[in-house]
$ cat my_file.pdb   # PDB, C-alpha atoms and all ligand atoms
MODEL        1
ATOM      1  CA  MET A   1     -68.913 -21.427 163.309  1.00  0.00           C
ATOM      2  CA  THR A   2     -66.089 -19.665 161.564  1.00  0.00           C
ATOM      3  CA  ARG A   3     -63.136 -18.850 163.814  1.00  0.00           C
ATOM      4  CA  GLN A   4     -64.115 -21.475 166.335  1.00  0.00           C
ATOM      5  CA  GLN A   5     -61.360 -23.452 167.960  1.00  0.00           C
ATOM      6  CA  ILE A   6     -61.894 -27.197 168.324  1.00  0.00           C
ATOM      7  CA  GLY A   7     -58.912 -28.897 169.848  1.00  0.00           C
ATOM      8  CA  ALA A   8     -56.016 -27.998 167.613  1.00  0.00           C
ATOM      9  CA  TRP A   9     -58.354 -27.079 164.744  1.00  0.00           C
ATOM     10  CA  ARG A  10     -59.304 -23.554 163.928  1.00  0.00           C
ATOM     11  CA  VAL A  11     -62.267 -23.250 161.604  1.00  0.00           C
ATOM     12  CA  ILE A  12     -61.330 -20.926 158.770  1.00  0.00           C
ATOM     13  CA  TRP A  13     -64.274 -20.939 156.396  1.00  0.00           C
ATOM     14  CA  ARG A  14     -67.045 -23.050 154.950  1.00  0.00           C
ATOM     15  CA  ASP A  15     -65.907 -25.520 152.309  1.00  0.00           C
ATOM     16  CA  THR A  16     -68.215 -24.709 149.423  1.00  0.00           C
ATOM     17  CA  THR A  17     -66.579 -27.280 147.135  1.00  0.00           C
ATOM     18  CA  ALA A  18     -67.444 -30.283 149.312  1.00  0.00           C
ATOM     19  CA  ILE A  19     -70.237 -32.662 148.345  1.00  0.00           C
ATOM     20  CA  THR A  20     -72.326 -32.910 151.491  1.00  0.00           C
ATOM     21  CA  GLY A  21     -74.781 -35.647 150.458  1.00  0.00           C
ATOM     22  CA  ASN A  22     -78.062 -34.767 152.168  1.00  0.00           C
ATOM     23  CA  GLY A  23     -76.872 -31.244 152.745  1.00  0.00           C
ATOM     24  CA  LEU A  24     -76.928 -31.610 156.514  1.00  0.00           C
ATOM     25  CA  ASN A  25     -73.231 -32.054 156.892  1.00  0.00           C
ATOM     26  CA  THR A  26     -71.536 -28.830 156.019  1.00  0.00           C
ATOM     27  CA  GLN A  27     -67.823 -29.170 155.508  1.00  0.00           C
ATOM     28  CA  TRP A  28     -65.478 -26.653 157.058  1.00  0.00           C
ATOM     29  CA  ILE A  29     -61.965 -25.798 156.079  1.00  0.00           C
ATOM     30  CA  CYS A  30     -59.934 -26.077 159.250  1.00  0.00           C
ATOM     31  CA  ARG A  31     -56.320 -25.406 160.004  1.00  0.00           C
ATOM     32  CA  CYS A  32     -54.527 -27.446 162.604  1.00  0.00           C
ATOM     33  CA  GLN A  33     -52.134 -25.755 165.014  1.00  0.00           C
ATOM     34  CA  CYS A  34     -49.289 -27.440 163.119  1.00  0.00           C
ATOM     35  CA  GLY A  35     -50.392 -25.818 159.861  1.00  0.00           C
ATOM     36  CA  THR A  36     -52.185 -28.750 158.230  1.00  0.00           C
ATOM     37  CA  VAL A  37     -55.323 -27.614 156.399  1.00  0.00           C
ATOM     38  CA  ARG A  38     -58.175 -30.059 155.992  1.00  0.00           C
ATOM     39  CA  SER A  39     -61.871 -30.071 155.141  1.00  0.00           C
ATOM     40  CA  ILE A  40     -63.836 -31.554 158.032  1.00  0.00           C
ATOM     41  CA  ARG A  41     -67.538 -32.336 158.356  1.00  0.00           C
ATOM     42  CA  GLY A  42     -69.453 -30.079 160.709  1.00  0.00           C
ATOM     43  CA  ASP A  43     -70.950 -32.923 162.740  1.00  0.00           C
ATOM     44  CA  ILE A  44     -67.477 -34.347 163.375  1.00  0.00           C
ATOM     45  CA  LEU A  45     -66.302 -30.942 164.599  1.00  0.00           C
ATOM     46  CA  ARG A  46     -69.353 -30.471 166.807  1.00  0.00           C
ATOM     47  CA  GLN A  47     -68.784 -33.850 168.458  1.00  0.00           C
ATOM     48  CA  ALA A  48     -65.099 -32.968 168.742  1.00  0.00           C
ATOM     49  CA  ALA A  49     -64.477 -36.367 167.135  1.00  0.00           C
ATOM     50  CA  SER A  50     -61.482 -34.834 165.439  1.00  0.00           C
ATOM     51  CA  MET A  51     -59.278 -32.704 167.650  1.00  0.00           C
ATOM     52  CA  SER A  52     -56.306 -32.404 165.309  1.00  0.00           C
ATOM     53  CA  CYS A  53     -54.804 -33.701 162.080  1.00  0.00           C
ATOM     54  CA  GLY A  54     -53.077 -36.381 164.133  1.00  0.00           C
ATOM     55  CA  CYS A  55     -50.228 -34.323 165.549  1.00  0.00           C
ATOM     56  CA  MET A  56     -52.072 -34.004 168.887  1.00  0.00           C
ATOM     57  CA  ASP A  57     -52.491 -37.788 168.980  1.00  0.00           C
ATOM     58  CA  ARG A  58     -48.748 -38.132 168.619  1.00  0.00           C
ATOM     59  CA  LEU A  59     -48.297 -35.606 171.405  1.00  0.00           C
ATOM     60  CA  GLN A  60     -50.653 -37.586 173.646  1.00  0.00           C
ATOM     61  CA  ALA A  61     -48.734 -40.779 172.866  1.00  0.00           C
ATOM     62  CA  MET A  62     -45.480 -39.075 173.759  1.00  0.00           C
ATOM     63  CA  LYS A  63     -46.939 -37.825 177.053  1.00  0.00           C
ATOM     64  CA  TYR A  64     -48.129 -41.333 177.848  1.00  0.00           C
ATOM     65  CA  GLU A  65     -44.734 -42.806 177.086  1.00  0.00           C
ATOM     66  CA  SER A  66     -42.979 -40.262 179.282  1.00  0.00           C
ATOM     67  CA  LYS A  67     -45.449 -40.998 182.093  1.00  0.00           C
ATOM     68  CA  VAL A  68     -44.701 -44.707 181.809  1.00  0.00           C
ATOM     69  CA  ARG A  69     -41.003 -43.946 181.938  1.00  0.00           C
ATOM     70  CA  ASP A  70     -41.515 -41.758 185.017  1.00  0.00           C
ATOM     71  CA  ASP A  71     -43.417 -44.548 186.736  1.00  0.00           C
ATOM     72  CA  GLU A  72     -40.678 -47.032 185.925  1.00  0.00           C
ATOM     73  CA  GLN A  73     -38.080 -44.695 187.367  1.00  0.00           C
ATOM     74  CA  TYR A  74     -40.190 -44.189 190.483  1.00  0.00           C
ATOM     75  CA  ASP A  75     -40.424 -47.933 191.030  1.00  0.00           C
ATOM     76  CA  TRP A  76     -36.729 -48.306 190.470  1.00  0.00           C
ATOM     77  CA  VAL A  77     -35.907 -45.638 193.071  1.00  0.00           C
ATOM     78  CA  TRP A  78     -38.048 -47.331 195.695  1.00  0.00           C
ATOM     79  CA  SER A  79     -36.671 -50.788 195.002  1.00  0.00           C
ATOM     80  CA  GLU A  80     -33.185 -49.665 195.969  1.00  0.00           C
TER      81      GLU A  80
HETATM   82 ZN    ZN B 101     -51.710 -30.984 163.261  1.00  0.00          ZN
ENDMDL
END
$ encode --input "my_file.pdb" --output "structure tokens"
Amino acid sequence: MTRQQIGAWRVIWRDTTAITGNGLNTQWICRCQCGTVRSIRGDILRQAASMSCGCMDRLQAMKYESKVRDDEQYDWVWSE
């Protein structure tokens, strides 16, 4: 699945140095959109359980916060 894009991750190549236990879980070297490189298990990628190194989570949190702020402002306008 080289060159696949999963969330912010782009699969670069198979991690041949990783110990995969039963051999079912291939590890893949992935690069996040922010530049972070990490080795991620194939089953985690397939389930899209990891969509980024964490930078996307921060982005989501920021979006949520701005939405909350927008809602507060909306309420404030209508309570005038
Ligand atoms: Zn990232």
$ residues_near_ligand --input "my_file.pdb" --ligand "ligand ZN 101 (chain B)" --cutoff "6 Å" --atoms "all atoms listed in the file" --output "PDB file with C-alpha atoms, in the frame of the given file"
ATOM      1  CA  CYS A  32     -54.527 -27.446 162.604  1.00  0.00           C
ATOM      2  CA  GLN A  33     -52.134 -25.755 165.014  1.00  0.00           C
ATOM      3  CA  CYS A  34     -49.289 -27.440 163.119  1.00  0.00           C
ATOM      4  CA  THR A  36     -52.185 -28.750 158.230  1.00  0.00           C
ATOM      5  CA  SER A  52     -56.306 -32.404 165.309  1.00  0.00           C
ATOM      6  CA  CYS A  53     -54.804 -33.701 162.080  1.00  0.00           C
ATOM      7  CA  GLY A  54     -53.077 -36.381 164.133  1.00  0.00           C
ATOM      8  CA  CYS A  55     -50.228 -34.323 165.549  1.00  0.00           C
TER       9      CYS A  55
END
$ closest_residue --input "my_file.pdb" --among "A:Gln60, A:Gln4, A:Thr16, A:Ser66" --to "Arg31 in chain A" --atoms "all atoms listed in the file"
A:Gln4
$ closest_residue --input "my_file.pdb" --among "A:Ala61, A:Met56, A:Ala18, A:Ile29" --to "Met1 in chain A" --atoms "all atoms listed in the file"
A:Ile29
$ atom_distance --input "my_file.pdb" --atom1 "CA of Asp15 in chain A" --atom2 "CA of Ile40 in chain A"
8.6 Å
$ closest_residue --input "my_file.pdb" --among "A:Arg58, A:Lys63, A:Asn25, A:Met51" --to "Ile6 in chain A" --atoms "only C-alpha atoms"
A:Met51
$ resolve_selection --input "my_file.pdb" --expression "the PyMOL selection byres (((chain A and resi 45) around 10) and not hetatm)" --output "JSON, numbers by chain"
{"A": [1, 4, 5, 6, 7, 9, 11, 27, 28, 30, 40, 41, 42, 43, 44, 46, 47, 48, 49, 50, 51]}
$ write_last_selection --input "my_file.pdb" --atoms "C-alpha atoms" --output "short mmCIF file (atom, residue, chain, number, x, y, z; two decimals), in the frame of the given file"
data_model
loop_
_atom_site.label_atom_id
_atom_site.label_comp_id
_atom_site.auth_asym_id
_atom_site.auth_seq_id
_atom_site.Cartn_x
_atom_site.Cartn_y
_atom_site.Cartn_z
CA MET A 1 -68.91 -21.43 163.31
CA GLN A 4 -64.11 -21.48 166.34
CA GLN A 5 -61.36 -23.45 167.96
CA ILE A 6 -61.89 -27.20 168.32
CA GLY A 7 -58.91 -28.90 169.85
CA TRP A 9 -58.35 -27.08 164.74
CA VAL A 11 -62.27 -23.25 161.60
CA GLN A 27 -67.82 -29.17 155.51
CA TRP A 28 -65.48 -26.65 157.06
CA CYS A 30 -59.93 -26.08 159.25
CA ILE A 40 -63.84 -31.55 158.03
CA ARG A 41 -67.54 -32.34 158.36
CA GLY A 42 -69.45 -30.08 160.71
CA ASP A 43 -70.95 -32.92 162.74
CA ILE A 44 -67.48 -34.35 163.38
CA ARG A 46 -69.35 -30.47 166.81
CA GLN A 47 -68.78 -33.85 168.46
CA ALA A 48 -65.10 -32.97 168.74
CA ALA A 49 -64.48 -36.37 167.14
CA SER A 50 -61.48 -34.83 165.44
CA MET A 51 -59.28 -32.70 167.65
#
$ closest_residue --input "my_file.pdb" --among "A:Ser39, A:Ala8, A:Thr26, A:Arg14" --to "Asp57 in chain A" --atoms "all atoms listed in the file"
A:Ala8
